[in-house]
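**Q** I'm passing along coords01.pdb; it holds PDB, C-alpha atoms.
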ATOM      1  CA  MET A   1     -15.682 179.000 -78.286
ATOM      2  CA  TYR A   2     -15.594 182.367 -80.034
ATOM      3  CA  ILE A   3     -12.165 183.174 -81.508
ATOM      4  CA  PRO A   4     -11.655 186.945 -81.784
ATOM      5  CA  THR A   5     -10.653 188.493 -85.106
ATOM      6  CA  PHE A   6      -8.655 191.575 -86.072
ATOM      7  CA  ASP A   7     -11.973 193.428 -86.500
ATOM      8  CA  ASP A   8     -12.534 192.825 -82.772
ATOM      9  CA  VAL A   9      -9.094 194.328 -82.108
ATOM     10  CA  ALA A  10      -9.856 197.482 -84.112
ATOM     11  CA  GLN A  11     -13.190 197.895 -82.291
ATOM     12  CA  ALA A  12     -11.513 197.290 -78.929
ATOM     13  CA  HIS A  13      -8.895 199.949 -79.657
ATOM     14  CA  GLU A  14     -11.566 202.576 -80.322
ATOM     15  CA  ARG A  15     -13.580 201.496 -77.266
ATOM     16  CA  ILE A  16     -10.712 201.680 -74.785
ATOM     17  CA  LYS A  17      -8.835 204.752 -76.065
ATOM     18  CA  PRO A  18     -10.357 207.080 -73.419
ATOM     19  CA  TYR A  19      -9.318 204.733 -70.610
ATOM     20  CA  ILE A  20      -5.751 203.649 -71.458
ATOM     21  CA  HIS A  21      -2.367 205.182 -72.209
ATOM     22  CA  ARG A  22      -0.759 204.746 -75.588
ATOM     23  CA  THR A  23       2.460 203.612 -73.966
ATOM     24  CA  PRO A  24       5.882 204.612 -75.300
ATOM     25  CA  VAL A  25       8.423 202.384 -77.037
ATOM     26  CA  LEU A  26      11.900 202.813 -75.545
ATOM     27  CA  THR A  27      15.293 201.701 -76.842
ATOM     28  CA  SER A  28      18.587 201.041 -75.074
ATOM     29  CA  ARG A  29      22.001 201.188 -76.717
ATOM     30  CA  TYR A  30      23.357 199.178 -73.775
ATOM     31  CA  PHE A  31      20.988 196.274 -74.405
ATOM     32  CA  ASP A  32      21.447 196.502 -78.177
ATOM     33  CA  ASP A  33      25.211 196.187 -77.709
ATOM     34  CA  LEU A  34      24.799 193.406 -75.157
ATOM     35  CA  THR A  35      22.489 191.311 -77.362
ATOM     36  CA  GLY A  36      23.597 192.248 -80.882
ATOM     37  CA  ALA A  37      19.928 192.929 -81.681
ATOM     38  CA  GLN A  38      17.869 196.083 -82.069
ATOM     39  CA  LEU A  39      15.408 195.930 -79.171
ATOM     40  CA  PHE A  40      12.220 197.988 -78.947
ATOM     41  CA  PHE A  41      10.659 197.927 -75.472
ATOM     42  CA  LYS A  42       6.877 198.495 -75.437
ATOM     43  CA  CYS A  43       6.445 199.914 -71.936
ATOM     44  CA  GLU A  44       3.178 198.640 -70.512
ATOM     45  CA  ASN A  45       4.688 199.256 -67.078
ATOM     46  CA  PHE A  46       3.537 202.844 -67.769
ATOM     47  CA  GLN A  47      -0.010 201.676 -68.520
ATOM     48  CA  LYS A  48      -3.078 202.605 -66.458
ATOM     49  CA  ALA A  49      -3.140 200.399 -63.350
ATOM     50  CA  GLY A  50       0.527 199.631 -64.051
ATOM     51  CA  ALA A  51       0.043 196.757 -66.498
ATOM     52  CA  PHE A  52      -1.095 195.788 -70.013
ATOM     53  CA  LYS A  53      -4.138 194.099 -68.499
ATOM     54  CA  ALA A  54      -5.913 197.463 -68.310
ATOM     55  CA  ARG A  55      -6.486 197.002 -72.055
ATOM     56  CA  GLY A  56      -8.396 193.714 -71.906
ATOM     57  CA  ALA A  57     -10.220 194.628 -68.705
ATOM     58  CA  SER A  58     -11.398 197.960 -70.153
ATOM     59  CA  ASN A  59     -12.582 196.297 -73.343
ATOM     60  CA  ALA A  60     -14.623 193.757 -71.375
ATOM     61  CA  VAL A  61     -16.107 196.279 -68.923
ATOM     62  CA  PHE A  62     -17.006 198.991 -71.439
ATOM     63  CA  GLY A  63     -18.398 196.429 -73.884
ATOM     64  CA  LEU A  64     -21.045 195.236 -71.389
ATOM     65  CA  ALA A  65     -24.699 196.118 -71.856
ATOM     66  CA  ASP A  66     -26.020 198.366 -69.048
ATOM     67  CA  ALA A  67     -28.279 195.705 -67.513
ATOM     68  CA  LEU A  68     -25.433 193.216 -67.242
ATOM     69  CA  ALA A  69     -22.941 195.816 -66.049
ATOM     70  CA  ALA A  70     -25.256 196.752 -63.170
ATOM     71  CA  LYS A  71     -24.592 193.352 -61.565
ATOM     72  CA  GLY A  72     -20.889 194.049 -61.633
ATOM     73  CA  VAL A  73     -17.917 191.996 -62.771
ATOM     74  CA  ALA A  74     -15.769 189.413 -61.023
ATOM     75  CA  THR A  75     -12.535 187.577 -61.711
ATOM     76  CA  HIS A  76      -9.716 185.554 -60.172
ATOM     77  CA  SER A  77      -6.234 186.965 -60.493
ATOM     78  CA  SER A  78      -2.764 186.937 -58.959
ATOM     79  CA  GLY A  79      -2.822 190.691 -59.224
ATOM     80  CA  ASN A  80      -2.562 192.687 -62.439
ATOM     81  CA  HIS A  81      -5.799 191.542 -64.088
ATOM     82  CA  GLY A  82      -7.669 192.023 -60.826
ATOM     83  CA  LEU A  83      -6.423 195.526 -60.241
ATOM     84  CA  SER A  84      -6.960 196.389 -63.925
ATOM     85  CA  LEU A  85     -10.554 195.140 -63.753
ATOM     86  CA  SER A  86     -11.009 197.192 -60.581
ATOM     87  CA  TYR A  87      -9.666 200.228 -62.421
ATOM     88  CA  ALA A  88     -12.039 199.716 -65.378
ATOM     89  CA  GLY A  89     -15.024 198.909 -63.142
ATOM     90  CA  GLY A  90     -14.323 202.022 -61.107
ATOM     91  CA  ARG A  91     -14.302 204.140 -64.261
ATOM     92  CA  ARG A  92     -17.681 202.690 -65.222
ATOM     93  CA  GLY A  93     -19.040 202.863 -61.670
ATOM     94  CA  ILE A  94     -19.860 199.166 -61.250
ATOM     95  CA  PRO A  95     -18.941 196.683 -58.477
ATOM     96  CA  VAL A  96     -15.830 194.517 -58.896
ATOM     97  CA  THR A  97     -14.848 191.393 -56.913
ATOM     98  CA  VAL A  98     -11.414 189.798 -57.268
ATOM     99  CA  VAL A  99     -10.453 186.375 -55.892
ATOM    100  CA  MET A 100      -6.703 186.535 -55.134
ATOM    101  CA  PRO A 101      -4.199 184.036 -53.707
ATOM    102  CA  ARG A 102      -3.354 184.943 -50.105
ATOM    103  CA  THR A 103       0.315 184.933 -51.229
ATOM    104  CA  ALA A 104      -0.229 187.587 -53.917
ATOM    105  CA  PRO A 105       1.901 190.733 -53.431
ATOM    106  CA  GLU A 106       0.353 193.075 -50.862
ATOM    107  CA  ALA A 107       0.974 195.971 -53.268
ATOM    108  CA  LYS A 108      -1.380 194.341 -55.785
ATOM    109  CA  LYS A 109      -4.082 193.619 -53.184
ATOM    110  CA  ALA A 110      -3.850 197.225 -52.004
ATOM    111  CA  ALA A 111      -4.168 198.454 -55.588
ATOM    112  CA  VAL A 112      -7.358 196.400 -56.137
ATOM    113  CA  ARG A 113      -8.875 197.958 -53.012
ATOM    114  CA  GLY A 114      -7.552 201.385 -53.982
ATOM    115  CA  TYR A 115      -9.500 201.246 -57.250
ATOM    116  CA  GLY A 116     -12.650 200.271 -55.323
ATOM    117  CA  GLY A 117     -12.546 196.497 -55.851
ATOM    118  CA  ARG A 118     -13.316 193.860 -53.224
ATOM    119  CA  VAL A 119     -10.644 191.224 -52.520
ATOM    120  CA  VAL A 120     -11.630 187.662 -51.567
ATOM    121  CA  GLU A 121      -8.596 185.538 -50.671
ATOM    122  CA  CYS A 122      -7.969 181.902 -51.653
ATOM    123  CA  GLU A 123      -5.147 179.389 -51.364
ATOM    124  CA  PRO A 124      -2.288 179.751 -53.915
ATOM    125  CA  SER A 125      -3.419 177.054 -56.321
ATOM    126  CA  THR A 126      -5.507 177.050 -59.482
ATOM    127  CA  THR A 127      -7.918 174.554 -57.868
ATOM    128  CA  SER A 128      -8.600 176.772 -54.840
ATOM    129  CA  ARG A 129      -8.815 179.901 -56.956
ATOM    130  CA  GLU A 130     -11.509 178.463 -59.223
ATOM    131  CA  ALA A 131     -13.512 176.920 -56.338
ATOM    132  CA  VAL A 132     -13.656 180.148 -54.322
ATOM    133  CA  PHE A 133     -14.457 182.105 -57.472
ATOM    134  CA  ALA A 134     -17.438 179.845 -58.284
ATOM    135  CA  GLU A 135     -18.911 180.729 -54.866
ATOM    136  CA  VAL A 136     -18.437 184.472 -55.508
ATOM    137  CA  VAL A 137     -20.236 184.367 -58.882
ATOM    138  CA  ALA A 138     -23.089 182.216 -57.548
ATOM    139  CA  GLU A 139     -23.633 184.759 -54.780
ATOM    140  CA  SER A 140     -23.433 187.970 -56.861
ATOM    141  CA  GLY A 141     -24.465 187.086 -60.431
ATOM    142  CA  ALA A 142     -21.521 189.196 -61.630
ATOM    143  CA  ASP A 143     -20.202 188.840 -65.182
ATOM    144  CA  PHE A 144     -17.057 186.695 -65.236
ATOM    145  CA  VAL A 145     -14.168 188.426 -66.956
ATOM    146  CA  HIS A 146     -11.548 185.690 -67.195
ATOM    147  CA  PRO A 147      -7.957 186.943 -66.869
ATOM    148  CA  TYR A 148      -7.051 185.562 -70.302
ATOM    149  CA  ASN A 149      -9.403 182.852 -71.625
ATOM    150  CA  ASP A 150     -11.872 185.486 -72.836
ATOM    151  CA  ALA A 151     -12.237 186.806 -76.397
ATOM    152  CA  ARG A 152     -12.913 190.353 -75.124
ATOM    153  CA  VAL A 153      -9.752 190.315 -73.027
ATOM    154  CA  ILE A 154      -7.562 188.927 -75.810
ATOM    155  CA  ALA A 155      -8.873 191.528 -78.289
ATOM    156  CA  GLY A 156      -7.999 194.232 -75.757
ATOM    157  CA  GLN A 157      -4.488 192.873 -75.166
ATOM    158  CA  ALA A 158      -3.974 192.705 -78.941
ATOM    159  CA  THR A 159      -4.093 196.515 -79.102
ATOM    160  CA  CYS A 160      -0.634 196.587 -77.468
ATOM    161  CA  SER A 161       1.218 194.995 -80.391
ATOM    162  CA  LYS A 162      -1.012 196.954 -82.814
ATOM    163  CA  GLU A 163       0.299 200.202 -81.332
ATOM    164  CA  MET A 164       3.871 198.942 -81.337
ATOM    165  CA  VAL A 165       3.780 198.105 -85.059
ATOM    166  CA  GLU A 166       2.081 201.423 -85.863
ATOM    167  CA  ASP A 167       4.845 203.275 -83.994
ATOM    168  CA  ILE A 168       7.991 201.423 -85.125
ATOM    169  CA  GLY A 169       7.110 199.478 -88.270
ATOM    170  CA  ASP A 170       8.357 196.059 -89.330
ATOM    171  CA  LEU A 171       9.804 193.651 -86.790
ATOM    172  CA  ASP A 172      11.637 190.369 -87.269
ATOM    173  CA  ALA A 173      10.372 189.077 -83.949
ATOM    174  CA  VAL A 174       8.177 189.956 -80.982
ATOM    175  CA  ILE A 175       8.650 188.431 -77.547
ATOM    176  CA  ALA A 176       6.363 188.621 -74.517
ATOM    177  CA  PRO A 177       5.967 186.724 -71.241
ATOM    178  CA  ILE A 178       3.576 183.787 -71.078
ATOM    179  CA  GLY A 179       1.502 182.550 -68.166
ATOM    180  CA  GLY A 180      -2.106 182.024 -69.137
ATOM    181  CA  GLY A 181      -1.295 183.435 -72.567
ATOM    182  CA  GLY A 182      -3.508 186.518 -72.902
ATOM    183  CA  MET A 183      -0.786 188.889 -74.097
ATOM    184  CA  ILE A 184       0.837 186.289 -76.346
ATOM    185  CA  SER A 185      -2.580 185.452 -77.839
ATOM    186  CA  GLY A 186      -3.258 189.116 -78.475
ATOM    187  CA  SER A 187       0.157 189.476 -80.109
ATOM    188  CA  CYS A 188      -0.555 186.435 -82.305
ATOM    189  CA  LEU A 189      -3.939 187.880 -83.273
ATOM    190  CA  THR A 190      -2.483 191.229 -84.343
ATOM    191  CA  LEU A 191       0.779 190.100 -85.906
ATOM    192  CA  SER A 192      -0.711 187.240 -87.935
ATOM    193  CA  GLU A 193      -2.913 189.887 -89.566
ATOM    194  CA  ILE A 194      -0.560 192.845 -90.085
ATOM    195  CA  LEU A 195       2.982 191.344 -89.924
ATOM    196  CA  PRO A 196       2.500 187.669 -90.779
ATOM    197  CA  LYS A 197       6.229 186.977 -91.279
ATOM    198  CA  THR A 198       7.162 188.190 -87.791
ATOM    199  CA  LYS A 199       8.248 185.419 -85.438
ATOM    200  CA  ILE A 200       6.454 185.337 -82.091
ATOM    201  CA  TYR A 201       8.319 184.047 -79.044
ATOM    202  CA  ALA A 202       6.843 183.360 -75.629
ATOM    203  CA  ALA A 203       9.115 183.743 -72.592
ATOM    204  CA  GLU A 204       8.487 181.643 -69.496
ATOM    205  CA  PRO A 205      10.107 180.913 -66.115
ATOM    206  CA  LEU A 206      11.784 177.507 -65.957
ATOM    207  CA  ASN A 207      10.044 177.019 -62.590
ATOM    208  CA  ALA A 208       6.619 177.443 -64.244
ATOM    209  CA  ASP A 209       7.282 175.892 -67.648
ATOM    210  CA  ASP A 210       3.882 174.324 -68.368
ATOM    211  CA  ALA A 211       3.397 176.401 -71.556
ATOM    212  CA  CYS A 212       6.755 175.179 -72.883
ATOM    213  CA  ARG A 213       5.866 171.561 -72.080
ATOM    214  CA  SER A 214       2.406 172.046 -73.622
ATOM    215  CA  PHE A 215       3.977 173.520 -76.762
ATOM    216  CA  LYS A 216       6.292 170.513 -77.138
ATOM    217  CA  ALA A 217       3.587 167.945 -76.318
ATOM    218  CA  GLY A 218       0.939 169.447 -78.601
ATOM    219  CA  HIS A 219      -1.707 169.684 -75.881
ATOM    220  CA  ILE A 220      -2.290 171.668 -72.681
ATOM    221  CA  ILE A 221      -0.316 170.561 -69.636
ATOM    222  CA  ALA A 222      -1.409 172.444 -66.508
ATOM    223  CA  ASP A 223       0.602 172.876 -63.293
ATOM    224  CA  ASP A 224      -1.495 173.645 -60.227
ATOM    225  CA  ALA A 225       0.795 175.789 -58.062
ATOM    226  CA  PRO A 226       4.273 176.485 -59.479
ATOM    227  CA  GLU A 227       6.715 178.650 -57.497
ATOM    228  CA  THR A 228       8.472 181.508 -59.302
ATOM    229  CA  VAL A 229       9.481 185.107 -58.637
ATOM    230  CA  ALA A 230       7.438 185.976 -61.768
ATOM    231  CA  ASP A 231       4.126 185.885 -59.880
ATOM    232  CA  GLY A 232       2.078 186.939 -62.919
ATOM    233  CA  LEU A 233       3.101 183.819 -64.864
ATOM    234  CA  LYS A 234       1.942 181.002 -62.558
ATOM    235  CA  VAL A 235      -1.345 180.173 -64.315
ATOM    236  CA  PRO A 236      -1.839 177.557 -67.074
ATOM    237  CA  LEU A 237      -3.004 177.964 -70.660
ATOM    238  CA  LYS A 238      -6.691 177.473 -71.457
ATOM    239  CA  GLU A 239      -8.521 176.460 -74.637
ATOM    240  CA  LEU A 240      -8.702 179.916 -76.253
ATOM    241  CA  THR A 241      -5.121 180.939 -75.551
ATOM    242  CA  TRP A 242      -3.905 177.462 -76.555
ATOM    243  CA  HIS A 243      -5.529 178.033 -79.964
ATOM    244  CA  PHE A 244      -3.270 181.046 -80.575
ATOM    245  CA  VAL A 245      -0.133 179.567 -78.997
ATOM    246  CA  SER A 246      -0.378 176.283 -80.901
ATOM    247  CA  ASN A 247      -1.073 177.978 -84.241
ATOM    248  CA  HIS A 248       1.179 181.051 -84.195
ATOM    249  CA  VAL A 249       3.985 180.900 -81.623
ATOM    250  CA  THR A 250       7.452 180.108 -83.012
ATOM    251  CA  ASP A 251       8.917 178.837 -79.741
ATOM    252  CA  VAL A 252       8.657 179.079 -75.955
ATOM    253  CA  LEU A 253      11.942 180.131 -74.337
ATOM    254  CA  LEU A 254      12.831 179.554 -70.674
ATOM    255  CA  ALA A 255      14.737 181.518 -68.023
ATOM    256  CA  THR A 256      15.865 180.527 -64.539
ATOM    257  CA  GLU A 257      14.951 182.520 -61.423
ATOM    258  CA  ASP A 258      18.457 184.025 -61.249
ATOM    259  CA  GLU A 259      18.332 185.008 -64.934
ATOM    260  CA  ILE A 260      14.943 186.697 -64.454
ATOM    261  CA  ILE A 261      16.140 188.656 -61.417
ATOM    262  CA  GLU A 262      19.343 189.718 -63.210
ATOM    263  CA  ALA A 263      17.376 190.942 -66.264
ATOM    264  CA  MET A 264      14.996 192.859 -63.993
ATOM    265  CA  TYR A 265      17.933 194.432 -62.110
ATOM    266  CA  LEU A 266      19.703 195.410 -65.332
ATOM    267  CA  THR A 267      16.528 197.019 -66.696
ATOM    268  CA  TRP A 268      16.080 199.102 -63.556
ATOM    269  CA  GLN A 269      19.771 200.023 -63.571
ATOM    270  CA  ARG A 270      20.263 200.791 -67.266
ATOM    271  CA  MET A 271      16.849 202.007 -68.448
ATOM    272  CA  LYS A 272      15.830 203.702 -65.181
ATOM    273  CA  ILE A 273      12.344 202.199 -65.331
ATOM    274  CA  VAL A 274      10.386 200.066 -62.859
ATOM    275  CA  ILE A 275       9.360 196.648 -64.167
ATOM    276  CA  GLU A 276       8.080 193.621 -62.269
ATOM    277  CA  PRO A 277       9.732 190.175 -62.476
ATOM    278  CA  SER A 278       7.248 188.835 -65.071
ATOM    279  CA  SER A 279       8.240 191.696 -67.401
ATOM    280  CA  ALA A 280      11.914 190.732 -67.166
ATOM    281  CA  VAL A 281      11.461 187.191 -68.481
ATOM    282  CA  PRO A 282      11.606 188.144 -72.212
ATOM    283  CA  LEU A 283      14.884 190.046 -71.794
ATOM    284  CA  ALA A 284      16.287 187.179 -69.716
ATOM    285  CA  THR A 285      15.566 184.750 -72.550
ATOM    286  CA  ILE A 286      17.034 187.097 -75.189
ATOM    287  CA  LEU A 287      20.248 187.375 -73.171
ATOM    288  CA  LYS A 288      20.304 183.572 -72.905
ATOM    289  CA  ASN A 289      19.641 183.034 -76.643
ATOM    290  CA  ARG A 290      21.671 185.858 -78.223
ATOM    291  CA  LYS A 291      22.328 184.019 -81.499
ATOM    292  CA  LEU A 292      18.582 183.629 -82.076
ATOM    293  CA  PHE A 293      18.043 187.406 -82.020
ATOM    294  CA  GLU A 294      21.387 188.761 -83.268
ATOM    295  CA  GLY A 295      20.996 191.301 -86.080
ATOM    296  CA  LYS A 296      17.178 191.295 -85.730
ATOM    297  CA  ARG A 297      14.631 194.015 -84.975
ATOM    298  CA  VAL A 298      12.852 192.678 -81.907
ATOM    299  CA  GLY A 299       9.776 194.019 -80.125
ATOM    300  CA  VAL A 300       9.913 193.285 -76.382
ATOM    301  CA  ILE A 301       6.696 193.724 -74.413
ATOM    302  CA  LEU A 302       7.327 194.921 -70.844
ATOM    303  CA  THR A 303       4.016 193.817 -69.391
ATOM    304  CA  GLY A 304       3.859 195.634 -66.057
ATOM    305  CA  GLY A 305       5.508 197.520 -63.230
ATOM    306  CA  ASN A 306       3.535 196.598 -60.123
ATOM    307  CA  VAL A 307       6.249 195.747 -57.624
ATOM    308  CA  ASP A 308       6.339 195.571 -53.835
ATOM    309  CA  LEU A 309       9.229 198.008 -53.313
ATOM    310  CA  LYS A 310       9.882 196.587 -49.837
ATOM    311  CA  LYS A 311      10.456 193.084 -51.237
ATOM    312  CA  LEU A 312      12.606 193.500 -54.338
ATOM    313  CA  PRO A 313      13.943 190.085 -55.402
ATOM    314  CA  TRP A 314      17.629 191.107 -55.285
ATOM    315  CA  MET A 315      17.376 192.370 -51.685
TER     316      MET A 315
END
Could you write out this structure as structure tokens?
**A**
Amino acid sequence: MYIPTFDDVAQAHERIKPYIHRTPVLTSRYFDDLTGAQLFFKCENFQKAGAFKARGASNAVFGLADALAAKGVATHSSGNHGLSLSYAGGRRGIPVTVVMPRTAPEAKKAAVRGYGGRVVECEPSTTSREAVFAEVVAESGADFVHPYNDARVIAGQATCSKEMVEDIGDLDAVIAPIGGGGMISGSCLTLSEILPKTKIYAAEPLNADDACRSFKAGHIIADDAPETVADGLKVPLKELTWHFVSNHVTDVLLATEDEIIEAMYLTWQRMKIVIEPSSAVPLATILKNRKLFEGKRVGVILTGGNVDLKKLPWM
């Protein structure tokens, strides 16, 4: 298992610059007053393909040798990684296949197809996803770009926190959502190198709390098909992301479904920006744990904004 280094992050940042946005960092006096903290929102909802995953996907796709790239790339994804890989593959002009749960948001399936990717549906469980994906790769010979358990992907995601620190300086803490752990791993990779005293918190839905249970148990505990409004956070940790979580994360904080929806609603209402439920989990946990963050400078990674506008969770 290759563990990426900060050199990989620096190389990734140069490689993907032509294909990503350097997303803005926004602040909100309302949320600062509400939490007693100084919050800095890194807005990956404004990223290419609508999510931070464009970073890791672009690094993987544009790092491929020509002969390998010609066979295309494939992945399994609940949405954002798949559509981001389709975006990157489209920019390079190579075929992309994405295995997606049949229950994934239609907006995300449409986005994959819109970027030129092929969608193959599976049942909404990790077992089904991996079985159908194995058939796809055997048939096509495509390069597997794992949504998060991939050194190239983690190095790409790490460029997000690198930009945030370059733009706003020292932080007492950084908090990001956790599902499979790609963004958290990237944050650990960057911050352990350039801001080693910064605390790193992972935010997770109570209904899909396998990362929290893994963190407490000291080994990976995987749920097969959890149910949560935060559809991007249903997948379990893997060996590579567990390495970063177990070595660098300060704590894993939980939020209920109602708390996630309320944080999402407040963000739309007060900041006038579109975020998806997964992106709201960090703010939900900050609101729930005010004393932990009071008086601190806190980086909050808003991971994406790909929402089915006809099925908003508060409707």
**Q** Select, from A:Val300, A:Ala10, A:Val137, A:Ile220, the residue with the minimum atom-to-atom distance to A:Ser28, counting only C-alpha atoms.
**A**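 Looking at the shortest contact to A:Ser28, the residue is A:Val300.
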**Q** So which residues touch stretch 51-61 of chain A within 8 Å, counting all atoms listed in the file, skipping near sequence neighbours fewer than 5 positions away, as a ChimeraX atom specification?
**A** /A:12,15-16,19-20,44-46,69,73,80-81,84-85,87-89,92,145,152-157,159-160,303-306
**Q** For a test of reading the model, state the distance in Å between atom CA of A:Ser279 and atom CA of A:Leu26, rounded to one decimal.
**A** 14.3 Å
**Q** One decimal, Å: what's the distance from atom CA of A:Gly182 over to atom CA of A:Pro4, could you say?
**A**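 So the two atoms, atom CA of A:Gly182 and atom CA of A:Pro4, lie 12.1 Å apart.
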**Q** Quick one: pull the distance between atom CA of A:Lys311 and atom CA of A:Phe41, Å, one decimal.
**A**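 According to the coordinates, atom CA of A:Lys311 and atom CA of A:Phe41 are separated by 24.7 Å.
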**Q** Report as a PyMOL selection string the residues that result from applying the PyMOL selection byres ((chain A and resi 290-296) around 10) to the structure here.
**A** chain A and resi 32+34-39+171-173+285-289+297-299
**Q** When you count only C-alpha atoms, which of these residues is closest to A:Glu204: A:Pro282, A:Gly141, A:Pro147, A:Gly90?
**A**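 Counting only C-alpha atoms, the residue closest to A:Glu204 is A:Pro282.
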**Q** Which residue, A:Leu191, A:Met164, A:Val252, A:Leu68, has the smallest gap to A:Gly179 when you use all atoms listed in the file?
**A** A:Val252
**Q** Counting only C-alpha atoms, which of A:Glu163, A:Asp66, A:Glu135, A:Asp150 gets nearest to A:His13?
**A**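 Closest candidate: A:Glu163.
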**Q** To box stretch 253-264 of chain A, take all atoms listed in the file, fit an axis-aligned box, add 3 Å on each side, and give centre and edge lengths in Å to one decimal, as AutoDock Vina command-line options.
**A**
--center_x 15.6 --center_y 186.2 --center_z -67.8 --size_x 13.4 --size_y 19.3 --size_z 19.1
**Q** Counting all atoms listed in the file, which residue out of A:Glu276, A:Asp251, A:Asp8, A:Glu239 sits closest to A:Ala263?
**A**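 The closest residue to A:Ala263 is A:Glu276.
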**Q** For A:Met100, which of A:Asp231, A:Asp143, A:Asp7, A:Asp167 is the closest residue, counting all atoms listed in the file?
**A**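 Nearest candidate to A:Met100 out of A:Asp231, A:Asp143, A:Asp7, A:Asp167: A:Asp231.
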**Q** Written as a VMD selection string, which residues does the PyMOL selection byres ((chain A and resi 77) around 12) give for the file shown?
**A** chain A and resid 53 57 74 to 76 78 to 86 97 to 105 108 to 109 112 119 to 126 128 to 130 132 to 133 144 to 148 179 to 180 231 to 235
**Q** Where does the PyMOL selection byres ((chain A and resi 245) around 8) land in this file, that is, which residues does it pick, as a CSV table (one decimal) with C-alpha atoms, keeping the file's coordinate frame?
**A**
chain,number,residue,atom,x,y,z
A,181,GLY,CA,-1.3,183.4,-72.6
A,184,ILE,CA,0.8,186.3,-76.3
A,185,SER,CA,-2.6,185.5,-77.8
A,188,CYS,CA,-0.6,186.4,-82.3
A,215,PHE,CA,4.0,173.5,-76.8
A,241,THR,CA,-5.1,180.9,-75.6
A,242,TRP,CA,-3.9,177.5,-76.6
A,243,HIS,CA,-5.5,178.0,-80.0
A,244,PHE,CA,-3.3,181.0,-80.6
A,246,SER,CA,-0.4,176.3,-80.9
A,247,ASN,CA,-1.1,178.0,-84.2
A,248,HIS,CA,1.2,181.1,-84.2
A,249,VAL,CA,4.0,180.9,-81.6
**Q** Would you kindly place N, CA and C atoms on stretch 210-224 of chain A and return the model as a PDB file, in the frame of the given file?
**A**
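Saved result, rebuild_6.pdb, follows:
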ATOM      1  N   ASP A 210       4.962 175.154 -67.805  1.00  0.00           N
ATOM      2  CA  ASP A 210       3.882 174.324 -68.368  1.00  0.00           C
ATOM      3  C   ASP A 210       3.543 174.714 -69.809  1.00  0.00           C
ATOM      4  N   ALA A 211       3.678 176.004 -70.164  1.00  0.00           N
ATOM      5  CA  ALA A 211       3.397 176.401 -71.556  1.00  0.00           C
ATOM      6  C   ALA A 211       4.436 175.798 -72.500  1.00  0.00           C
ATOM      7  N   CYS A 212       5.687 175.782 -72.067  1.00  0.00           N
ATOM      8  CA  CYS A 212       6.755 175.179 -72.883  1.00  0.00           C
ATOM      9  C   CYS A 212       6.496 173.684 -73.068  1.00  0.00           C
ATOM     10  N   ARG A 213       6.141 173.003 -71.995  1.00  0.00           N
ATOM     11  CA  ARG A 213       5.866 171.561 -72.080  1.00  0.00           C
ATOM     12  C   ARG A 213       4.614 171.295 -72.919  1.00  0.00           C
ATOM     13  N   SER A 214       3.616 172.171 -72.795  1.00  0.00           N
ATOM     14  CA  SER A 214       2.406 172.046 -73.622  1.00  0.00           C
ATOM     15  C   SER A 214       2.751 172.202 -75.097  1.00  0.00           C
ATOM     16  N   PHE A 215       3.574 173.213 -75.391  1.00  0.00           N
ATOM     17  CA  PHE A 215       3.977 173.520 -76.762  1.00  0.00           C
ATOM     18  C   PHE A 215       4.681 172.313 -77.395  1.00  0.00           C
ATOM     19  N   LYS A 216       5.554 171.669 -76.636  1.00  0.00           N
ATOM     20  CA  LYS A 216       6.292 170.513 -77.138  1.00  0.00           C
ATOM     21  C   LYS A 216       5.398 169.277 -77.256  1.00  0.00           C
ATOM     22  N   ALA A 217       4.446 169.135 -76.338  1.00  0.00           N
ATOM     23  CA  ALA A 217       3.587 167.945 -76.318  1.00  0.00           C
ATOM     24  C   ALA A 217       2.436 168.036 -77.313  1.00  0.00           C
ATOM     25  N   GLY A 218       2.060 169.271 -77.674  1.00  0.00           N
ATOM     26  CA  GLY A 218       0.939 169.447 -78.601  1.00  0.00           C
ATOM     27  C   GLY A 218      -0.415 169.443 -77.937  1.00  0.00           C
ATOM     28  N   HIS A 219      -0.435 169.571 -76.619  1.00  0.00           N
ATOM     29  CA  HIS A 219      -1.707 169.684 -75.881  1.00  0.00           C
ATOM     30  C   HIS A 219      -1.420 170.388 -74.560  1.00  0.00           C
ATOM     31  N   ILE A 220      -2.477 170.903 -73.917  1.00  0.00           N
ATOM     32  CA  ILE A 220      -2.290 171.668 -72.681  1.00  0.00           C
ATOM     33  C   ILE A 220      -1.839 170.762 -71.540  1.00  0.00           C
ATOM     34  N   ILE A 221      -0.763 171.181 -70.883  1.00  0.00           N
ATOM     35  CA  ILE A 221      -0.316 170.561 -69.636  1.00  0.00           C
ATOM     36  C   ILE A 221      -0.410 171.649 -68.574  1.00  0.00           C
ATOM     37  N   ALA A 222      -1.163 171.407 -67.509  1.00  0.00           N
ATOM     38  CA  ALA A 222      -1.409 172.444 -66.508  1.00  0.00           C
ATOM     39  C   ALA A 222      -0.749 172.087 -65.180  1.00  0.00           C
ATOM     40  N   ASP A 223       0.072 173.010 -64.649  1.00  0.00           N
ATOM     41  CA  ASP A 223       0.602 172.876 -63.293  1.00  0.00           C
ATOM     42  C   ASP A 223      -0.358 173.589 -62.344  1.00  0.00           C
ATOM     43  N   ASP A 224      -0.504 173.066 -61.136  1.00  0.00           N
ATOM     44  CA  ASP A 224      -1.495 173.645 -60.227  1.00  0.00           C
ATOM     45  C   ASP A 224      -0.944 174.825 -59.434  1.00  0.00           C
TER      46      ASP A 224
END
